[in-house]
Amino acid sequence: MITRATVRRRTVVKVRDGRWRQEKDVVVVEEPLEIRLLLPDSALAVPLATVMRTPGADVELAAGFLFGESIIRERYDISTIRYCVDADLDDDARFNTLIVALRPGLNVDLDTARRLFFVSSSCGVCGKASLESLRLRGCAPLNDDPPVQVSCAALGSIDGALRQAQDLFARTGGLHAAALFTPDGRLLSIHEDIGRHNAVDKLIGAHLLSGQLEVLRRSLLLVSGRASFEIMQKALMARIPIVVAVGAPSALAVAVAQHFNMTLIGFLRGASCNIYAGAGRIIDVAMGNEHA
């Protein structure tokens, strides 16, 4: 197990009530992670993507990223994941590059994978093209039967549970979190990262590598920030039926939820929230007659 620093101490000038003093403070680490693919029957690892992340759970991050981009479908599509050991790299660079060797016999169309990745990450691509990219990945609307359902009481408890579990955020104030909960509000796992997409990749990757993808399909995902298209894409690939965000969703995130039969909740604050899609999975909701 390789342990990398996730925080660093720096001297800052703190201003309080017009007076200042120098103190040590803790800031979160942000470094690039390059993901390279070693294709079957190839001796050369091909660079696929570079993500800015907080070191820690790098293997899970890479696995979750590849799963979300539909390059792999299950744990056994990966033969090995290792850090680069090139002699000409210094320690920082060596531990910021992961080589993922895919299993023999796995058919990967790298050109298609790169095009799909471009559609999901580039600027200037319309919402229709983004939804089409999900269909090209083989995504179909969720059909959880019986449906996963969560009560208002359970929803009202999970944002507090998330805050209590965010150890690094409590120290730095600079990290997002992705957490998995059971429908009755029990915390199953949590991952933190400077990027909210990375936190989701780490969470999904951890379940993929441990052979527990089925757990994701009967749970709900809570993210500490906004709900974007990318968050919904990753949840859809993992077949997570309910996505909850502390912040706002984007219009495209709502479109994904509606198109693929997902439940999307935003602005979670204790017992208050907005349900943007899939309200049928939320039980114990009393409908009023007030209209905006």
# chains A, B, ... in the order shown; residues from 1 in each chain; ligands from 1
call {"tool": "residues_around", "arguments": {"residues": "Ala63 in chain A", "least_positions_apart": "4", "cutoff": "9 Å", "atoms": "only C-alpha atoms", "output": "CSV table (one decimal) with C-alpha atoms, in the first residue's frame"}}
result
chain,number,residue,atom,x,y,z
A,58,ASP,CA,-5.7,6.2,-7.1
A,59,VAL,CA,-6.4,2.6,-8.1
A,67,PHE,CA,-15.9,1.9,-15.8
A,68,GLY,CA,-17.7,5.2,-16.2
A,72,ILE,CA,-14.4,-1.9,-18.8
A,75,ARG,CA,-13.5,-6.3,-12.3
A,78,ILE,CA,-8.5,-5.5,-15.5
A,81,ILE,CA,-3.1,-1.6,-12.1
A,100,VAL,CA,-3.9,-0.2,-16.3
A,201,ASP,CA,-15.1,7.5,-9.5
A,202,LYS,CA,-13.2,6.4,-6.3
A,204,ILE,CA,-17.6,3.3,-7.8
A,205,GLY,CA,-14.1,2.0,-8.5
A,206,ALA,CA,-13.9,0.6,-4.9
A,208,LEU,CA,-16.1,-2.6,-8.8
A,209,LEU,CA,-12.7,-3.9,-7.5
call {"tool": "residues_around", "arguments": {"residues": "Leu216 in chain A", "least_positions_apart": "6", "cutoff": "10 Å", "atoms": "only C-alpha atoms", "output": "list in words"}}
result
Leu180, Phe181, Thr182, Leu203, Ile204, His207, Leu208, Ala235, Ala238, Arg239, Ile240, Pro241 and Ile242 of chain A
call {"tool": "closest_residue", "arguments": {"among": "A:Leu38, A:Leu102, A:Leu175, A:Leu222", "to": "Arg53 in chain A", "atoms": "only C-alpha atoms"}}
result
A:Leu175
call {"tool": "atom_distance", "arguments": {"atom1": "CA of Leu33 in chain A", "atom2": "CA of Leu106 in chain A"}}
result
24.1 Å
call {"tool": "select_by_dssp", "arguments": {"residues": "range 192-252 of chain A", "states": "helix (DSSP H, G or I)", "output": "list in words"}}
result
Arg196, His197, Asn198, Ala199, Val200, Asp201, Lys202, Leu203, Ile204, Gly205, Ala206, His207, Leu208, Leu209, Leu213, Glu214, Val215, Leu216, Phe229, Glu230, Ile231, Met232, Gln233, Lys234, Ala235, Leu236, Met237, Ala251 and Leu252 of chain A
call {"tool": "write_last_selection", "arguments": {"atoms": "C-alpha atoms", "output": "PDB file, in the first residue's frame"}}
result
ATOM      1  CA  ARG A 196     -16.419  15.790  -7.093  1.00  0.00           C
ATOM      2  CA  HIS A 197     -16.254  13.599 -10.221  1.00  0.00           C
ATOM      3  CA  ASN A 198     -13.108  11.937  -8.851  1.00  0.00           C
ATOM      4  CA  ALA A 199     -14.834  11.240  -5.540  1.00  0.00           C
ATOM      5  CA  VAL A 200     -17.610   9.427  -7.420  1.00  0.00           C
ATOM      6  CA  ASP A 201     -15.071   7.476  -9.494  1.00  0.00           C
ATOM      7  CA  LYS A 202     -13.234   6.416  -6.330  1.00  0.00           C
ATOM      8  CA  LEU A 203     -16.470   5.228  -4.727  1.00  0.00           C
ATOM      9  CA  ILE A 204     -17.648   3.287  -7.776  1.00  0.00           C
ATOM     10  CA  GLY A 205     -14.145   1.953  -8.452  1.00  0.00           C
ATOM     11  CA  ALA A 206     -13.858   0.613  -4.918  1.00  0.00           C
ATOM     12  CA  HIS A 207     -17.093  -1.358  -5.321  1.00  0.00           C
ATOM     13  CA  LEU A 208     -16.053  -2.565  -8.759  1.00  0.00           C
ATOM     14  CA  LEU A 209     -12.691  -3.881  -7.537  1.00  0.00           C
ATOM     15  CA  LEU A 213     -21.347  -3.547  -8.063  1.00  0.00           C
ATOM     16  CA  GLU A 214     -24.698  -5.040  -7.115  1.00  0.00           C
ATOM     17  CA  VAL A 215     -24.652  -3.008  -3.895  1.00  0.00           C
ATOM     18  CA  LEU A 216     -24.650   0.192  -5.951  1.00  0.00           C
ATOM     19  CA  PHE A 229     -24.120  15.594 -16.402  1.00  0.00           C
ATOM     20  CA  GLU A 230     -20.870  13.772 -15.549  1.00  0.00           C
ATOM     21  CA  ILE A 231     -22.145  12.799 -12.095  1.00  0.00           C
ATOM     22  CA  MET A 232     -25.344  11.414 -13.608  1.00  0.00           C
ATOM     23  CA  GLN A 233     -23.374   9.588 -16.324  1.00  0.00           C
ATOM     24  CA  LYS A 234     -21.234   7.815 -13.746  1.00  0.00           C
ATOM     25  CA  ALA A 235     -24.265   6.927 -11.631  1.00  0.00           C
ATOM     26  CA  LEU A 236     -26.107   5.640 -14.705  1.00  0.00           C
ATOM     27  CA  MET A 237     -23.194   3.430 -15.750  1.00  0.00           C
ATOM     28  CA  ALA A 251     -30.666  21.089 -16.770  1.00  0.00           C
ATOM     29  CA  LEU A 252     -28.781  18.315 -18.583  1.00  0.00           C
TER      30      LEU A 252
END
call {"tool": "closest_atom_pairs", "arguments": {"of": "range 140-215 of chain A", "to": "range 269-285 of chain A", "cutoff": "8 Å", "atoms": "only C-alpha atoms", "output": "CSV"}}
result
residue,atom,partner,partner_atom,distance
A:Pro147,CA,A:Arg281,CA,6.8
A:Val148,CA,A:Arg281,CA,6.3
A:Gln149,CA,A:Arg281,CA,4.5
A:Val150,CA,A:Ile282,CA,5.2
A:Ser151,CA,A:Ile283,CA,4.9
A:Cys152,CA,A:Asp284,CA,6.2
A:Ala153,CA,A:Ala271,CA,7.1
A:Leu155,CA,A:Ala271,CA,6.8
A:Gly156,CA,A:Ala271,CA,4.2
A:Ser157,CA,A:Gly270,CA,6.3
A:Ile158,CA,A:Gly270,CA,7.8
A:Asp159,CA,A:Gly270,CA,6.5
A:Gly160,CA,A:Gly270,CA,7.4
call {"tool": "write_last_selection", "arguments": {"atoms": "C-alpha atoms", "output": "mmCIF file, in the first residue's frame"}}
result
data_model
loop_
_atom_site.group_PDB
_atom_site.id
_atom_site.type_symbol
_atom_site.label_atom_id
_atom_site.label_comp_id
_atom_site.auth_asym_id
_atom_site.auth_seq_id
_atom_site.Cartn_x
_atom_site.Cartn_y
_atom_site.Cartn_z
ATOM 1 C CA PRO A 147 -38.056 -0.197 -7.103
ATOM 2 C CA VAL A 148 -35.514 1.185 -4.654
ATOM 3 C CA GLN A 149 -37.402 3.525 -2.337
ATOM 4 C CA VAL A 150 -36.229 5.952 0.320
ATOM 5 C CA SER A 151 -38.253 7.681 2.998
ATOM 6 C CA CYS A 152 -38.235 11.386 3.770
ATOM 7 C CA ALA A 153 -36.936 10.548 7.239
ATOM 8 C CA LEU A 155 -33.223 11.622 3.366
ATOM 9 C CA GLY A 156 -33.373 14.053 6.262
ATOM 10 C CA SER A 157 -30.518 12.312 8.052
ATOM 11 C CA ILE A 158 -27.962 11.668 5.335
ATOM 12 C CA ASP A 159 -26.542 15.165 4.799
ATOM 13 C CA GLY A 160 -25.654 15.336 8.486
#
call {"tool": "closest_residue", "arguments": {"among": "A:Met52, A:Asn107, A:Ser189, A:Phe95", "to": "Ile71 in chain A", "atoms": "only C-alpha atoms"}}
result
A:Asn107
call {"tool": "residues_around", "arguments": {"residues": "Pro249 in chain A", "least_positions_apart": "6", "cutoff": "9 Å", "atoms": "only C-alpha atoms", "output": "ChimeraX atom specification"}}
result
/A:226-229,264-267,276
call {"tool": "residues_around", "arguments": {"residues": "range 3-11 of chain A", "least_positions_apart": "2", "cutoff": "9 Å", "atoms": "only C-alpha atoms", "output": "PyMOL selection string"}}
result
chain A and resi 1+13+22-30+54-56+95+168+171-172
call {"tool": "closest_residue", "arguments": {"among": "A:Gly225, A:Pro47, A:Gly211, A:Pro32", "to": "Glu74 in chain A", "atoms": "only C-alpha atoms"}}
result
A:Gly211
call {"tool": "residues_around", "arguments": {"residues": "range 43-46 of chain A", "least_positions_apart": "6", "cutoff": "8 Å", "atoms": "only C-alpha atoms", "output": "mmCIF file with C-alpha atoms, in the first residue's frame"}}
result
data_model
loop_
_atom_site.group_PDB
_atom_site.id
_atom_site.type_symbol
_atom_site.label_atom_id
_atom_site.label_comp_id
_atom_site.auth_asym_id
_atom_site.auth_seq_id
_atom_site.Cartn_x
_atom_site.Cartn_y
_atom_site.Cartn_z
ATOM 1 C CA ARG A 36 -2.462 4.869 -19.326
ATOM 2 C CA LEU A 37 -3.973 1.778 -20.935
ATOM 3 C CA ILE A 99 -0.776 1.861 -16.011
#
call {"tool": "closest_residue", "arguments": {"among": "A:Arg217, A:Val223, A:Phe65, A:Asn96", "to": "Pro146 in chain A", "atoms": "only C-alpha atoms"}}
result
A:Arg217
call {"tool": "select_by_dssp", "arguments": {"residues": "range 49-270 of chain A", "states": "strand (DSSP E)", "output": "ChimeraX atom specification"}}
result
/A:49-53,78-83,97-102,150-151,176-181,187-193,220-223,242-245,263-269
call {"tool": "atom_distance", "arguments": {"atom1": "CA of Ala49 in chain A", "atom2": "CA of Ala245 in chain A"}}
result
26.2 Å
call {"tool": "atom_distance", "arguments": {"atom1": "CA of Gln164 in chain A", "atom2": "CA of Ala62 in chain A"}}
result
26.7 Å
